[in-house]
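**Student:** Next comes input-v6.pdb, PDB, C-alpha atoms:
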ATOM      1  CA  MET A   1      61.344-179.957  35.350
ATOM      2  CA  GLN A   2      62.792-180.035  38.847
ATOM      3  CA  ALA A   3      63.640-183.226  40.708
ATOM      4  CA  TYR A   4      63.808-182.478  44.422
ATOM      5  CA  ARG A   5      66.715-183.699  46.509
ATOM      6  CA  ASN A   6      66.271-186.212  49.319
ATOM      7  CA  SER A   7      66.595-183.673  52.123
ATOM      8  CA  PHE A   8      63.817-181.493  50.710
ATOM      9  CA  ALA A   9      61.646-184.506  49.877
ATOM     10  CA  GLU A  10      61.584-185.371  53.571
ATOM     11  CA  VAL A  11      60.684-181.817  54.559
ATOM     12  CA  TYR A  12      58.012-181.689  51.870
ATOM     13  CA  ASP A  13      56.515-184.961  53.065
ATOM     14  CA  ARG A  14      56.279-183.714  56.650
ATOM     15  CA  LYS A  15      55.403-180.044  56.139
ATOM     16  CA  TRP A  16      53.627-179.503  52.804
ATOM     17  CA  ASN A  17      50.791-182.010  52.703
ATOM     18  CA  GLU A  18      47.923-179.717  53.703
ATOM     19  CA  PHE A  19      47.107-178.909  50.074
ATOM     20  CA  SER A  20      46.606-182.562  49.121
ATOM     21  CA  ASP A  21      44.535-183.167  52.251
ATOM     22  CA  VAL A  22      42.118-180.452  51.106
ATOM     23  CA  VAL A  23      41.889-181.097  47.367
ATOM     24  CA  ALA A  24      41.946-184.915  47.235
ATOM     25  CA  PRO A  25      38.452-185.428  48.749
ATOM     26  CA  LEU A  26      36.967-182.694  46.558
ATOM     27  CA  ILE A  27      38.428-184.117  43.341
ATOM     28  CA  CYS A  28      37.355-187.616  44.352
ATOM     29  CA  ASP A  29      33.789-186.508  45.102
ATOM     30  CA  TYR A  30      33.551-184.633  41.798
ATOM     31  CA  PHE A  31      34.825-187.629  39.827
ATOM     32  CA  GLU A  32      32.415-190.034  41.488
ATOM     33  CA  GLU A  33      29.506-187.658  40.851
ATOM     34  CA  LYS A  34      30.327-186.761  37.238
ATOM     35  CA  GLY A  35      32.095-189.937  36.172
ATOM     36  CA  GLN A  36      29.443-192.476  37.046
ATOM     37  CA  GLY A  37      30.171-195.744  35.315
ATOM     38  CA  LEU A  38      33.895-195.051  35.039
ATOM     39  CA  GLN A  39      36.300-197.372  36.794
ATOM     40  CA  LYS A  40      38.272-196.243  39.828
ATOM     41  CA  ARG A  41      41.717-195.834  38.317
ATOM     42  CA  LEU A  42      43.920-192.784  38.778
ATOM     43  CA  LEU A  43      47.133-191.552  37.213
ATOM     44  CA  ASP A  44      48.680-188.843  39.407
ATOM     45  CA  VAL A  45      51.204-186.795  37.415
ATOM     46  CA  GLY A  46      53.841-185.248  39.664
ATOM     47  CA  CYS A  47      52.676-187.358  42.575
ATOM     48  CA  GLY A  48      55.335-186.085  44.975
ATOM     49  CA  THR A  49      55.371-188.020  48.238
ATOM     50  CA  GLY A  50      52.062-189.732  47.469
ATOM     51  CA  ARG A  51      49.673-187.954  49.810
ATOM     52  CA  LEU A  52      46.919-187.491  47.210
ATOM     53  CA  ALA A  53      47.538-190.989  45.875
ATOM     54  CA  LYS A  54      47.121-192.458  49.346
ATOM     55  CA  TYR A  55      43.716-190.806  49.752
ATOM     56  CA  PHE A  56      42.496-192.310  46.481
ATOM     57  CA  CYS A  57      43.891-195.721  47.410
ATOM     58  CA  ASN A  58      41.882-195.580  50.619
ATOM     59  CA  GLU A  59      38.821-194.773  48.510
ATOM     60  CA  GLY A  60      39.220-197.965  46.480
ATOM     61  CA  PHE A  61      41.138-196.612  43.474
ATOM     62  CA  ARG A  62      44.006-198.324  41.752
ATOM     63  CA  VAL A  63      46.674-195.647  41.471
ATOM     64  CA  ILE A  64      49.799-195.022  39.458
ATOM     65  CA  GLY A  65      51.899-192.033  40.436
ATOM     66  CA  ILE A  66      54.729-190.616  38.369
ATOM     67  CA  ASP A  67      57.386-188.126  39.432
ATOM     68  CA  ARG A  68      60.824-187.141  38.244
ATOM     69  CA  SER A  69      62.255-187.149  41.769
ATOM     70  CA  GLU A  70      63.260-190.593  42.980
ATOM     71  CA  SER A  71      63.520-189.153  46.488
ATOM     72  CA  MET A  72      59.858-188.141  46.366
ATOM     73  CA  LEU A  73      58.898-191.554  45.001
ATOM     74  CA  GLU A  74      60.679-193.325  47.853
ATOM     75  CA  HIS A  75      58.488-191.453  50.339
ATOM     76  CA  ALA A  76      55.385-192.249  48.269
ATOM     77  CA  ARG A  77      56.164-195.961  48.198
ATOM     78  CA  GLU A  78      56.724-196.022  51.936
ATOM     79  CA  SER A  79      53.590-194.013  52.690
ATOM     80  CA  CYS A  80      51.461-196.249  50.460
ATOM     81  CA  LYS A  81      53.300-199.495  51.242
ATOM     82  CA  PRO A  82      50.224-201.671  51.926
ATOM     83  CA  PHE A  83      48.756-200.639  48.575
ATOM     84  CA  VAL A  84      52.075-201.062  46.764
ATOM     85  CA  ASP A  85      52.486-204.539  48.269
ATOM     86  CA  SER A  86      48.958-205.521  47.202
ATOM     87  CA  GLY A  87      49.437-204.207  43.668
ATOM     88  CA  LYS A  88      46.881-201.424  44.043
ATOM     89  CA  ALA A  89      49.486-198.648  43.799
ATOM     90  CA  GLU A  90      52.657-198.152  41.794
ATOM     91  CA  PHE A  91      55.071-195.234  41.718
ATOM     92  CA  ILE A  92      57.226-194.731  38.632
ATOM     93  CA  ALA A  93      60.046-192.347  37.765
ATOM     94  CA  ALA A  94      59.007-190.314  34.718
ATOM     95  CA  ASP A  95      59.180-186.775  33.364
ATOM     96  CA  ALA A  96      55.820-184.998  33.267
ATOM     97  CA  ALA A  97      56.859-183.258  30.039
ATOM     98  CA  GLY A  98      56.747-186.542  28.148
ATOM     99  CA  PHE A  99      55.706-190.025  29.266
ATOM    100  CA  SER A 100      53.811-193.080  28.052
ATOM    101  CA  MET A 101      52.135-196.213  29.420
ATOM    102  CA  ARG A 102      50.291-199.207  28.067
ATOM    103  CA  GLN A 103      47.081-198.593  29.979
ATOM    104  CA  THR A 104      44.569-195.758  29.954
ATOM    105  CA  PHE A 105      42.853-193.919  32.811
ATOM    106  CA  PRO A 106      39.437-192.411  33.519
ATOM    107  CA  LEU A 107      40.992-189.883  35.918
ATOM    108  CA  ILE A 108      44.336-188.090  35.620
ATOM    109  CA  THR A 109      45.458-185.420  38.065
ATOM    110  CA  ALA A 110      48.317-182.947  38.432
ATOM    111  CA  THR A 111      48.047-180.852  41.571
ATOM    112  CA  TYR A 112      49.773-178.253  43.759
ATOM    113  CA  ASP A 113      50.868-176.131  40.759
ATOM    114  CA  MET A 114      52.801-179.105  39.394
ATOM    115  CA  LEU A 115      52.344-177.871  35.832
ATOM    116  CA  ASN A 116      53.763-174.451  36.759
ATOM    117  CA  HIS A 117      57.010-176.297  37.467
ATOM    118  CA  LEU A 118      57.399-177.018  33.739
ATOM    119  CA  GLU A 119      59.905-174.718  32.081
ATOM    120  CA  ASP A 120      58.067-173.558  28.951
ATOM    121  CA  ILE A 121      55.177-173.960  26.532
ATOM    122  CA  ASP A 122      56.793-176.904  24.729
ATOM    123  CA  LYS A 123      57.109-178.834  27.997
ATOM    124  CA  LEU A 124      53.487-178.058  28.864
ATOM    125  CA  ARG A 125      52.345-179.170  25.423
ATOM    126  CA  GLY A 126      54.317-182.394  25.840
ATOM    127  CA  CYS A 127      52.588-183.054  29.154
ATOM    128  CA  PHE A 128      49.132-182.426  27.695
ATOM    129  CA  PHE A 129      49.785-184.711  24.714
ATOM    130  CA  SER A 130      51.062-187.433  27.044
ATOM    131  CA  VAL A 131      47.937-187.134  29.198
ATOM    132  CA  TYR A 132      45.611-187.096  26.196
ATOM    133  CA  ARG A 133      47.062-190.332  24.821
ATOM    134  CA  LEU A 134      46.285-192.062  28.140
ATOM    135  CA  MET A 135      42.838-190.517  28.648
ATOM    136  CA  GLU A 136      39.769-192.730  28.435
ATOM    137  CA  ARG A 137      36.689-191.490  26.631
ATOM    138  CA  GLU A 138      34.495-189.514  29.086
ATOM    139  CA  GLY A 139      37.436-189.428  31.494
ATOM    140  CA  MET A 140      38.720-186.335  33.297
ATOM    141  CA  PHE A 141      42.027-184.516  33.506
ATOM    142  CA  ILE A 142      41.947-182.290  36.598
ATOM    143  CA  PHE A 143      44.828-179.988  37.457
ATOM    144  CA  ASP A 144      45.507-176.660  39.124
ATOM    145  CA  MET A 145      47.707-173.697  38.246
ATOM    146  CA  ASN A 146      48.929-170.515  39.832
ATOM    147  CA  THR A 147      47.796-167.581  37.699
ATOM    148  CA  GLU A 148      49.863-164.486  36.938
ATOM    149  CA  LYS A 149      47.875-162.628  39.585
ATOM    150  CA  GLY A 150      48.641-165.345  42.107
ATOM    151  CA  LEU A 151      52.355-165.331  41.332
ATOM    152  CA  ARG A 152      52.628-161.547  41.225
ATOM    153  CA  GLN A 153      50.826-161.025  44.523
ATOM    154  CA  GLY A 154      51.749-164.199  46.391
ATOM    155  CA  TRP A 155      55.378-164.766  45.413
ATOM    156  CA  HIS A 156      56.907-161.540  46.690
ATOM    157  CA  SER A 157      57.355-162.406  50.341
ATOM    158  CA  HIS A 158      59.619-163.564  53.138
ATOM    159  CA  SER A 159      58.480-165.748  56.019
ATOM    160  CA  ILE A 160      59.741-167.967  58.825
ATOM    161  CA  ARG A 161      57.939-171.055  60.094
ATOM    162  CA  GLU A 162      59.185-172.432  63.376
ATOM    163  CA  ASP A 163      57.984-175.223  65.644
ATOM    164  CA  LYS A 164      59.499-177.873  67.911
ATOM    165  CA  GLU A 165      60.790-179.978  65.046
ATOM    166  CA  SER A 166      61.716-177.496  62.322
ATOM    167  CA  LEU A 167      62.811-174.030  61.249
ATOM    168  CA  ILE A 168      61.812-173.148  57.690
ATOM    169  CA  ILE A 169      62.778-169.880  56.001
ATOM    170  CA  MET A 170      60.996-169.029  52.738
ATOM    171  CA  SER A 171      61.805-166.194  50.336
ATOM    172  CA  SER A 172      59.972-165.723  47.026
ATOM    173  CA  TYR A 173      60.272-163.429  44.019
ATOM    174  CA  TYR A 174      58.305-162.972  40.781
ATOM    175  CA  ASP A 175      60.110-161.644  37.705
ATOM    176  CA  GLU A 176      57.628-159.624  35.635
ATOM    177  CA  GLU A 177      59.845-159.632  32.558
ATOM    178  CA  ILE A 178      60.317-163.358  32.096
ATOM    179  CA  LYS A 179      57.083-164.374  33.862
ATOM    180  CA  ARG A 180      58.693-166.760  36.330
ATOM    181  CA  ALA A 181      58.682-166.973  40.128
ATOM    182  CA  TRP A 182      61.199-168.495  42.525
ATOM    183  CA  LEU A 183      60.768-169.702  46.078
ATOM    184  CA  LYS A 184      63.830-170.513  48.176
ATOM    185  CA  ASN A 185      63.188-172.896  51.069
ATOM    186  CA  HIS A 186      65.937-173.535  53.575
ATOM    187  CA  GLY A 187      66.303-174.367  57.228
ATOM    188  CA  PHE A 188      66.557-177.332  59.590
ATOM    189  CA  ILE A 189      64.325-180.276  60.459
ATOM    190  CA  LYS A 190      64.638-182.705  63.368
ATOM    191  CA  GLN A 191      65.508-186.326  62.643
ATOM    192  CA  ASP A 192      64.509-189.471  64.534
ATOM    193  CA  ASN A 193      67.930-189.535  66.191
ATOM    194  CA  GLY A 194      67.322-186.086  67.671
ATOM    195  CA  LEU A 195      69.784-184.333  65.382
ATOM    196  CA  TYR A 196      68.749-181.631  62.918
ATOM    197  CA  MET A 197      69.196-181.969  59.169
ATOM    198  CA  ARG A 198      69.860-178.877  57.081
ATOM    199  CA  PHE A 199      67.971-178.538  53.787
ATOM    200  CA  GLU A 200      67.855-176.077  50.920
ATOM    201  CA  GLU A 201      65.801-176.096  47.722
ATOM    202  CA  VAL A 202      64.757-173.470  45.180
ATOM    203  CA  VAL A 203      61.345-174.058  43.615
ATOM    204  CA  TYR A 204      60.218-172.182  40.521
ATOM    205  CA  ASN A 205      56.848-171.533  38.881
ATOM    206  CA  THR A 206      56.416-170.579  35.234
ATOM    207  CA  MET A 207      53.449-168.358  34.410
ATOM    208  CA  PHE A 208      51.242-169.731  31.632
ATOM    209  CA  PRO A 209      48.348-167.538  30.387
ATOM    210  CA  LEU A 210      45.144-169.507  30.839
ATOM    211  CA  SER A 211      44.106-168.690  27.281
ATOM    212  CA  THR A 212      47.277-170.469  26.148
ATOM    213  CA  VAL A 213      46.555-173.387  28.459
ATOM    214  CA  ARG A 214      43.093-173.751  26.929
ATOM    215  CA  SER A 215      44.489-173.550  23.382
ATOM    216  CA  LEU A 216      47.104-176.219  24.103
ATOM    217  CA  LEU A 217      44.485-178.549  25.570
ATOM    218  CA  MET A 218      42.312-178.102  22.484
ATOM    219  CA  GLU A 219      45.316-178.645  20.226
ATOM    220  CA  CYS A 220      45.914-181.970  21.951
ATOM    221  CA  GLY A 221      42.288-183.084  21.481
ATOM    222  CA  PHE A 222      40.443-182.078  24.642
ATOM    223  CA  ASN A 223      37.090-180.535  23.708
ATOM    224  CA  GLN A 224      35.419-179.875  27.071
ATOM    225  CA  ILE A 225      37.485-177.455  29.135
ATOM    226  CA  HIS A 226      36.626-175.124  31.975
ATOM    227  CA  PHE A 227      38.398-173.370  34.832
ATOM    228  CA  ALA A 228      36.889-173.441  38.319
ATOM    229  CA  ARG A 229      37.568-173.081  42.017
ATOM    230  CA  ILE A 230      38.379-176.226  43.968
ATOM    231  CA  GLY A 231      35.294-175.810  46.143
ATOM    232  CA  ASP A 232      33.040-175.840  43.078
ATOM    233  CA  LEU A 233      34.648-177.767  40.239
ATOM    234  CA  GLU A 234      31.386-177.864  38.288
ATOM    235  CA  THR A 235      30.936-174.103  37.802
ATOM    236  CA  PRO A 236      33.114-172.402  35.133
ATOM    237  CA  LEU A 237      34.782-169.166  36.170
ATOM    238  CA  PRO A 238      33.918-166.231  33.879
ATOM    239  CA  GLU A 239      37.253-164.492  34.582
ATOM    240  CA  PRO A 240      39.716-167.166  35.729
ATOM    241  CA  GLU A 241      42.738-164.840  35.453
ATOM    242  CA  ASN A 242      41.257-162.844  38.358
ATOM    243  CA  GLU A 243      41.905-165.808  40.670
ATOM    244  CA  HIS A 244      45.184-166.551  42.429
ATOM    245  CA  ARG A 245      44.850-170.263  41.666
ATOM    246  CA  VAL A 246      42.457-172.086  39.373
ATOM    247  CA  PHE A 247      41.561-175.692  38.752
ATOM    248  CA  CYS A 248      40.958-176.955  35.232
ATOM    249  CA  VAL A 249      38.659-179.808  34.256
ATOM    250  CA  ALA A 250      39.391-181.118  30.757
ATOM    251  CA  ARG A 251      37.520-183.951  29.040
ATOM    252  CA  ILE A 252      37.257-185.575  25.623
TER
END
In structure tokens, how does this file's structure come out?
**Tutor:**
Amino acid sequence: MQAYRNSFAEVYDRKWNEFSDVVAPLICDYFEEKGQGLQKRLLDVGCGTGRLAKYFCNEGFRVIGIDRSESMLEHARESCKPFVDSGKAEFIAADAAGFSMRQTFPLITATYDMLNHLEDIDKLRGCFFSVYRLMEREGMFIFDMNTEKGLRQGWHSHSIREDKESLIIMSSYYDEEIKRAWLKNHGFIKQDNGLYMRFEEVVYNTMFPLSTVRSLLMECGFNQIHFARIGDLETPLPEPENEHRVFCVARI
């Protein structure tokens, strides 16, 4: 799994937080509605710069975030510093493909196609087993994935984003044969000293058939699994592969 460099971690923290701002309240509301009686504790797998974690901290959750990128974790610790200092948040370097902890959680998340960043089925299985071992009874594992349709139609593009503080050039490509997509991000972003920092990072997404995702979850021990849209996490999708992105709710 990728571990982003410091230059891209800063760009990510400043320019790619809209997704977390949208999904965090919806996941939180769903958990509080469907997980009545469960404690407010969250494990955020692939926490990035801590934007989703910060929302849950503000909602009274105790949060642990894990990520392979120490650069991302540094931003998360700074963003959530009051909660880190008070012991209500902790950010740990760990590989999503295999990790362990002493405590268990009623809510575990992995968002913004984090699981698509895993290289293959074995890595995905390792992540699911790791999550299952830390899952409390009646708890929820909520994650999203880009589908093949989403990667095929959404990752064949070129775009430029420009504003007063940055220039970001993005080029993406989906390889039908090996079922993997790449997105190259490069450009410049303004620093506090007025100078511009150059950055470059290539992000990849692996396509996992949702039928395989379901089978792996069941293999690990999850027995309540459905795919949904983020705006309606309760309603199972009859044809989830027809979506560009789906969310999965898995319980035991």
**Student:** Each residue of stretch 171-248 of chain A lying at most 10 Å from stretch 118-122 of chain A should get a row with its shortest atom-to-atom pair and the distance in Å to one decimal, counting all atoms listed in the file; could you produce that, ordered by chain and increasing number, as a Markdown table?
**Tutor:**
| residue | atom | partner | partner_atom | distance |
| --- | --- | --- | --- | --- |
| A:Arg180 | CA | A:Glu119 | CA | 9.1 |
| A:Tyr204 | CA | A:Leu118 | CA | 8.8 |
| A:Asn205 | CA | A:Leu118 | CA | 7.5 |
| A:Thr206 | CA | A:Glu119 | CA | 6.3 |
| A:Met207 | CA | A:Asp120 | CA | 8.8 |
| A:Phe208 | CA | A:Ile121 | CA | 7.7 |
| A:Thr212 | CA | A:Ile121 | CA | 8.6 |
| A:Val213 | CA | A:Ile121 | CA | 8.9 |
| A:Leu216 | CA | A:Ile121 | CA | 8.7 |
**Student:** Extending 8 Å beyond the listed atoms of stretch 28-42 of chain A on each side, what axis-aligned box results? I want centre and edge lengths in Å to one decimal, as JSON.
**Tutor:**
{"center_x": 36.7, "center_y": -191.0, "center_z": 40.1, "size_x": 30.5, "size_y": 28.7, "size_z": 26.1}
**Student:** Can you list, as a list in words, the residues that the PyMOL selection byres ((chain A and resi 87) around 12) selects here?
**Tutor:**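 So the PyMOL selection byres ((chain A and resi 87) around 12) ends up selecting Cys57, Phe61, Arg62, Val63, Ile64, Arg77, Cys80, Lys81, Pro82, Phe83, Val84, Asp85, Ser86, Lys88, Ala89, Glu90 and Phe91 of chain A.
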**Student:** Can you list, as number ranges by chain, the residues that the PyMOL selection byres ((chain A and resi 138) around 9) selects here?
**Tutor:** A: 35, 38, 106, 135-137, 139-140, 251-252
**Student:** Using only C-alpha atoms, which of A:Ile189, A:Leu115, A:Ile230, A:Ser71 sits nearest A:Cys28?
**Tutor:**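 Of the candidates, the smallest distance to A:Cys28 is held by A:Ile230.
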**Student:** Under the rule that all atoms listed in the file are counted, which of A:Ser7, A:Phe99, A:Glu219, A:Thr111 is the nearest residue to A:Asp21?
**Tutor:** A:Thr111
**Student:** Output the residue selection produced by the PyMOL selection byres ((chain A and resi 236) around 12) on the file above, formatted as a PyMOL selection string.
**Tutor:** chain A and resi 224-235+237-240+246-250
**Student:** Could you write out that same residue set with C-alpha atoms as a CSV table (one decimal), keeping the file's coordinate frame?
**Tutor:**
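Output (result35.csv):
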chain,number,residue,atom,x,y,z
A,224,GLN,CA,35.4,-179.9,27.1
A,225,ILE,CA,37.5,-177.5,29.1
A,226,HIS,CA,36.6,-175.1,32.0
A,227,PHE,CA,38.4,-173.4,34.8
A,228,ALA,CA,36.9,-173.4,38.3
A,229,ARG,CA,37.6,-173.1,42.0
A,230,ILE,CA,38.4,-176.2,44.0
A,231,GLY,CA,35.3,-175.8,46.1
A,232,ASP,CA,33.0,-175.8,43.1
A,233,LEU,CA,34.6,-177.8,40.2
A,234,GLU,CA,31.4,-177.9,38.3
A,235,THR,CA,30.9,-174.1,37.8
A,237,LEU,CA,34.8,-169.2,36.2
A,238,PRO,CA,33.9,-166.2,33.9
A,239,GLU,CA,37.3,-164.5,34.6
A,240,PRO,CA,39.7,-167.2,35.7
A,246,VAL,CA,42.5,-172.1,39.4
A,247,PHE,CA,41.6,-175.7,38.8
A,248,CYS,CA,41.0,-177.0,35.2
A,249,VAL,CA,38.7,-179.8,34.3
A,250,ALA,CA,39.4,-181.1,30.8
**Student:** I'd like to know which of A:Ile178, A:Val202, A:Leu217, A:Ile169 is closest to A:Phe143, using only C-alpha atoms.
**Tutor:** A:Leu217
**Student:** Restricting the calculation to all atoms listed in the file: of A:Gly46, A:Gly126, A:Gly221, A:Gly154, which residue gets closest to A:Gly65?
**Tutor:**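 Comparing A:Gly46, A:Gly126, A:Gly221, A:Gly154 against A:Gly65, the winner is A:Gly46.
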**Student:** Just checking: using all atoms listed in the file, which residue out of A:Ile108, A:Ile142, A:Met218, A:Leu73 ends up closest to A:Leu43?
**Tutor:** A:Ile108
**Student:** Which is closer to A:Glu148 than all the others in A:Ala181, A:Met101, A:Leu42, A:Ala24, using all atoms listed in the file?
**Tutor:**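 The answer is A:Ala181, which sits nearest to A:Glu148.
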